[in-house]
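A quick write-up on the structure given underneath.
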Number of protein chains: 2
Amino acid sequence: MPKIDLDKIEPRLGSGYPGKLGDEMGGRSSKRISDVAGITQFGANITILQPGAKSSLRHWHENQDEFMVVLQGVCTLVDDHGETELQLGDCAAFPAGDANGHCVVNTSDTEARFLIIGTRTATEVAWYSDIDMKVTVNDGVYDFTRKDGSPFSGDKE
Amino acid sequence: MPKIDLDKIEPRLGSGYPGKLGDEMGGRSSKRISDVAGITQFGANITILQPGAKSSLRHWHENQDEFMVVLQGVCTLVDDHGETELQLGDCAAFPAGDANGHCVVNTSDTEARFLIIGTRTATEVAWYSDIDMKVTVNDGVYDFTRKDGSPFSGDKE
């Protein structure tokens, strides 16, 4: 059945970020739609942000296009240009290789939701704009390091 | 700038279907976001349906995943299971190779809009569920034929 029963998809909490960096992801959860829906070529997730929460650390992808559309509430896009308010139906795109790191913050006092689409690739490297960290992904295994490839615990800058 | 200025994207009318089949696409238009946004790995379009309009002839893709979310109004999904109503925020997915032909119809009396995402591939074959037609796509060139590959004008069943 093509229609997705979103009520049956439990929002996933938590973060894969190393050390204390994960603490910054409180108030964010994600409904992972693609796996339930049987699509494999791109990921489709609904990110749910409680007031004050953010979607991720500010980052950009080397190889994967990303695209988002706001489904509920107001989202504040943070990137190299500053802050941009996104309302219901507003879209933003993050082309692969564009080194303009981005994240989304809920600066309102009500829950916000957006759909995020990202190409799936077997390998990927993403770079974090505000800290000395990158992540290398191989077949679903995430390896967070400093930008020079040396180990990074996430507990110190 | 990642935010897309949707007001600056003119909706495209018309249809590439052969012959009189294109006449069935009146009242449908599409804002093509991906090209403006600089993403290439999947297409992202907003389809706008006036009352009574439909998104396409009912079809399925051999190689490309598709995904939709309703952004305004009510959309009726038509597939092998019948008709399913989709409201604001409802999502549906159409995995590559799933021979469940689908289209979306606006059976309401107000405009409806949905975002449609589809993987981009250099070649593709899509099959039409209700008529003897398929389309073979090579690098953006669409070749509509009967299902056995013989010519099809679109003017007769």
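So you can find residues: chains in the structure tokens are A, B, ... in the order shown, residues in each start at 1, and ligands are numbered from 1 in order.
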
Item to complete: Fewer than 4 positions away in the same chain doesn't count, so skip those; otherwise give me all residues within 7 Å of Lys54 in chain A, counting only C-alpha atoms, as a ChimeraX atom specification.
Response: /A:25,28,49,104-106

Next, write the just-selected residues to a file, as a tab-separated table (two decimals), in the first residue's frame, keeping C-alpha atoms as the atom set.
chain	number	residue	atom	x	y	z
A	25	MET	CA	20.43	16.62	20.05
A	28	ARG	CA	14.97	16.00	18.21
A	49	LEU	CA	11.88	19.35	16.62
A	104	VAL	CA	17.67	23.45	11.25
A	105	VAL	CA	16.66	24.88	14.62
A	106	ASN	CA	13.22	25.28	16.13

Hey, could you make a per-residue contact list for chain A against chain B with 10 Å as the cut-off, showing the nearest pair of atoms and its distance in Å to one decimal, counting only C-alpha atoms, sorted by chain and number, as JSON lines?
{"residue": "A:Met1", "atom": "CA", "partner": "B:His81", "partner_atom": "CA", "distance": 7.4}
{"residue": "A:Pro2", "atom": "CA", "partner": "B:Ala92", "partner_atom": "CA", "distance": 4.9}
{"residue": "A:Lys3", "atom": "CA", "partner": "B:Ala92", "partner_atom": "CA", "distance": 4.1}
{"residue": "A:Ile4", "atom": "CA", "partner": "B:Ala92", "partner_atom": "CA", "distance": 5.3}
{"residue": "A:Asp5", "atom": "CA", "partner": "B:Cys91", "partner_atom": "CA", "distance": 8.2}
{"residue": "A:Leu6", "atom": "CA", "partner": "B:Asp90", "partner_atom": "CA", "distance": 7.7}
{"residue": "A:Ile33", "atom": "CA", "partner": "B:Cys91", "partner_atom": "CA", "distance": 8.9}
{"residue": "A:Ser34", "atom": "CA", "partner": "B:Ala93", "partner_atom": "CA", "distance": 8.1}
{"residue": "A:Val36", "atom": "CA", "partner": "B:Ala93", "partner_atom": "CA", "distance": 9.5}
{"residue": "A:Ala37", "atom": "CA", "partner": "B:Ala93", "partner_atom": "CA", "distance": 5.9}
{"residue": "A:Gly38", "atom": "CA", "partner": "B:Pro95", "partner_atom": "CA", "distance": 6.0}
{"residue": "A:Ile39", "atom": "CA", "partner": "B:Pro95", "partner_atom": "CA", "distance": 5.0}
{"residue": "A:Thr40", "atom": "CA", "partner": "B:Asp65", "partner_atom": "CA", "distance": 7.5}
{"residue": "A:Gln41", "atom": "CA", "partner": "B:Asp65", "partner_atom": "CA", "distance": 6.5}
{"residue": "A:Phe42", "atom": "CA", "partner": "B:Thr119", "partner_atom": "CA", "distance": 7.5}
{"residue": "A:Ala44", "atom": "CA", "partner": "B:Phe67", "partner_atom": "CA", "distance": 8.3}
{"residue": "A:Ile46", "atom": "CA", "partner": "B:Gly89", "partner_atom": "CA", "distance": 10.0}
{"residue": "A:Asn63", "atom": "CA", "partner": "B:Gln41", "partner_atom": "CA", "distance": 9.7}
{"residue": "A:Gln64", "atom": "CA", "partner": "B:Gln41", "partner_atom": "CA", "distance": 7.9}
{"residue": "A:Asp65", "atom": "CA", "partner": "B:Ile39", "partner_atom": "CA", "distance": 6.0}
{"residue": "A:Glu66", "atom": "CA", "partner": "B:Ile39", "partner_atom": "CA", "distance": 7.9}
{"residue": "A:Phe67", "atom": "CA", "partner": "B:Ala44", "partner_atom": "CA", "distance": 8.3}
{"residue": "A:Met68", "atom": "CA", "partner": "B:Lys3", "partner_atom": "CA", "distance": 9.3}
{"residue": "A:Val69", "atom": "CA", "partner": "B:Leu115", "partner_atom": "CA", "distance": 8.6}
{"residue": "A:Val70", "atom": "CA", "partner": "B:Leu71", "partner_atom": "CA", "distance": 9.0}
{"residue": "A:Leu71", "atom": "CA", "partner": "B:Gly89", "partner_atom": "CA", "distance": 6.0}
{"residue": "A:Gln72", "atom": "CA", "partner": "B:Gly89", "partner_atom": "CA", "distance": 8.3}
{"residue": "A:Leu77", "atom": "CA", "partner": "B:Lys3", "partner_atom": "CA", "distance": 8.3}
{"residue": "A:Val78", "atom": "CA", "partner": "B:Pro2", "partner_atom": "CA", "distance": 9.8}
{"residue": "A:Asp79", "atom": "CA", "partner": "B:Pro2", "partner_atom": "CA", "distance": 8.4}
{"residue": "A:Asp80", "atom": "CA", "partner": "B:Met1", "partner_atom": "CA", "distance": 8.9}
{"residue": "A:His81", "atom": "CA", "partner": "B:Met1", "partner_atom": "CA", "distance": 7.4}
{"residue": "A:Thr84", "atom": "CA", "partner": "B:Lys3", "partner_atom": "CA", "distance": 7.7}
{"residue": "A:Glu85", "atom": "CA", "partner": "B:Lys3", "partner_atom": "CA", "distance": 9.0}
{"residue": "A:Leu86", "atom": "CA", "partner": "B:Lys3", "partner_atom": "CA", "distance": 7.8}
{"residue": "A:Leu88", "atom": "CA", "partner": "B:Leu71", "partner_atom": "CA", "distance": 8.0}
{"residue": "A:Gly89", "atom": "CA", "partner": "B:Leu71", "partner_atom": "CA", "distance": 6.0}
{"residue": "A:Asp90", "atom": "CA", "partner": "B:Ile4", "partner_atom": "CA", "distance": 7.3}
{"residue": "A:Cys91", "atom": "CA", "partner": "B:Ile4", "partner_atom": "CA", "distance": 5.6}
{"residue": "A:Ala92", "atom": "CA", "partner": "B:Lys3", "partner_atom": "CA", "distance": 4.1}
{"residue": "A:Ala93", "atom": "CA", "partner": "B:Pro2", "partner_atom": "CA", "distance": 5.0}
{"residue": "A:Phe94", "atom": "CA", "partner": "B:Pro2", "partner_atom": "CA", "distance": 6.0}
{"residue": "A:Pro95", "atom": "CA", "partner": "B:Ile39", "partner_atom": "CA", "distance": 5.0}
{"residue": "A:Ala96", "atom": "CA", "partner": "B:Ile39", "partner_atom": "CA", "distance": 7.4}
{"residue": "A:Asp98", "atom": "CA", "partner": "B:Gly38", "partner_atom": "CA", "distance": 9.7}
{"residue": "A:Asn100", "atom": "CA", "partner": "B:Pro2", "partner_atom": "CA", "distance": 8.8}
{"residue": "A:His102", "atom": "CA", "partner": "B:Pro2", "partner_atom": "CA", "distance": 8.8}
{"residue": "A:Arg113", "atom": "CA", "partner": "B:Gly89", "partner_atom": "CA", "distance": 9.7}
{"residue": "A:Phe114", "atom": "CA", "partner": "B:Gly89", "partner_atom": "CA", "distance": 9.5}
{"residue": "A:Leu115", "atom": "CA", "partner": "B:Val69", "partner_atom": "CA", "distance": 8.6}
{"residue": "A:Ile117", "atom": "CA", "partner": "B:Ile117", "partner_atom": "CA", "distance": 8.5}
{"residue": "A:Gly118", "atom": "CA", "partner": "B:Phe42", "partner_atom": "CA", "distance": 8.9}
{"residue": "A:Thr119", "atom": "CA", "partner": "B:Gln41", "partner_atom": "CA", "distance": 6.9}
{"residue": "A:Arg120", "atom": "CA", "partner": "B:Gln41", "partner_atom": "CA", "distance": 9.7}

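Near Ile131 in chain A, within 12 Å and counting only C-alpha atoms, sit A:Leu21, A:Leu57, A:Arg58, A:His59, A:Gly101, A:Phe144, A:Thr145, A:Arg146, A:Lys147, A:Phe152, A:Gly154, A:Asp155, A:Lys156, A:Glu157; same-chain residues fewer than 5 positions away were not included.
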
Practice prompt. Step one, run DSSP on the backbone; step two, keep only residues of range 82-137 of chain B assigned to strand (DSSP E or B); then write them as a ChimeraX atom specification.
Written response: /B:82-86,91-94,102-105,112-119,123-128,134-137

Fill in: DSSP alpha helix (DSSP H) residues within chain B, as a count of residues only
5

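Non-sequential neighbours of range 124-129 of chain B (distance at most 6 Å, separation of 5 or more positions within a chain, only C-alpha atoms) are Arg58, His59, Trp60, His61, Glu62, Gly101, Lys134, Val135, Thr136 and Val137 of chain B.
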
Discussion item. I'd like to know which of B:Asp35, B:Gly16, B:Asp23, B:Ile48 is closest to Ile116 in chain B, using only C-alpha atoms.
Written reply: B:Ile48

Item to complete: Record the distance separating CA of Asp109 in chain A and CA of Gly82 in chain A, expressed in Å with one decimal.
Response: 20.5 Å

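Going from CA of Ser150 in chain B over to CA of Ser55 in chain B, you cover 25.7 Å.
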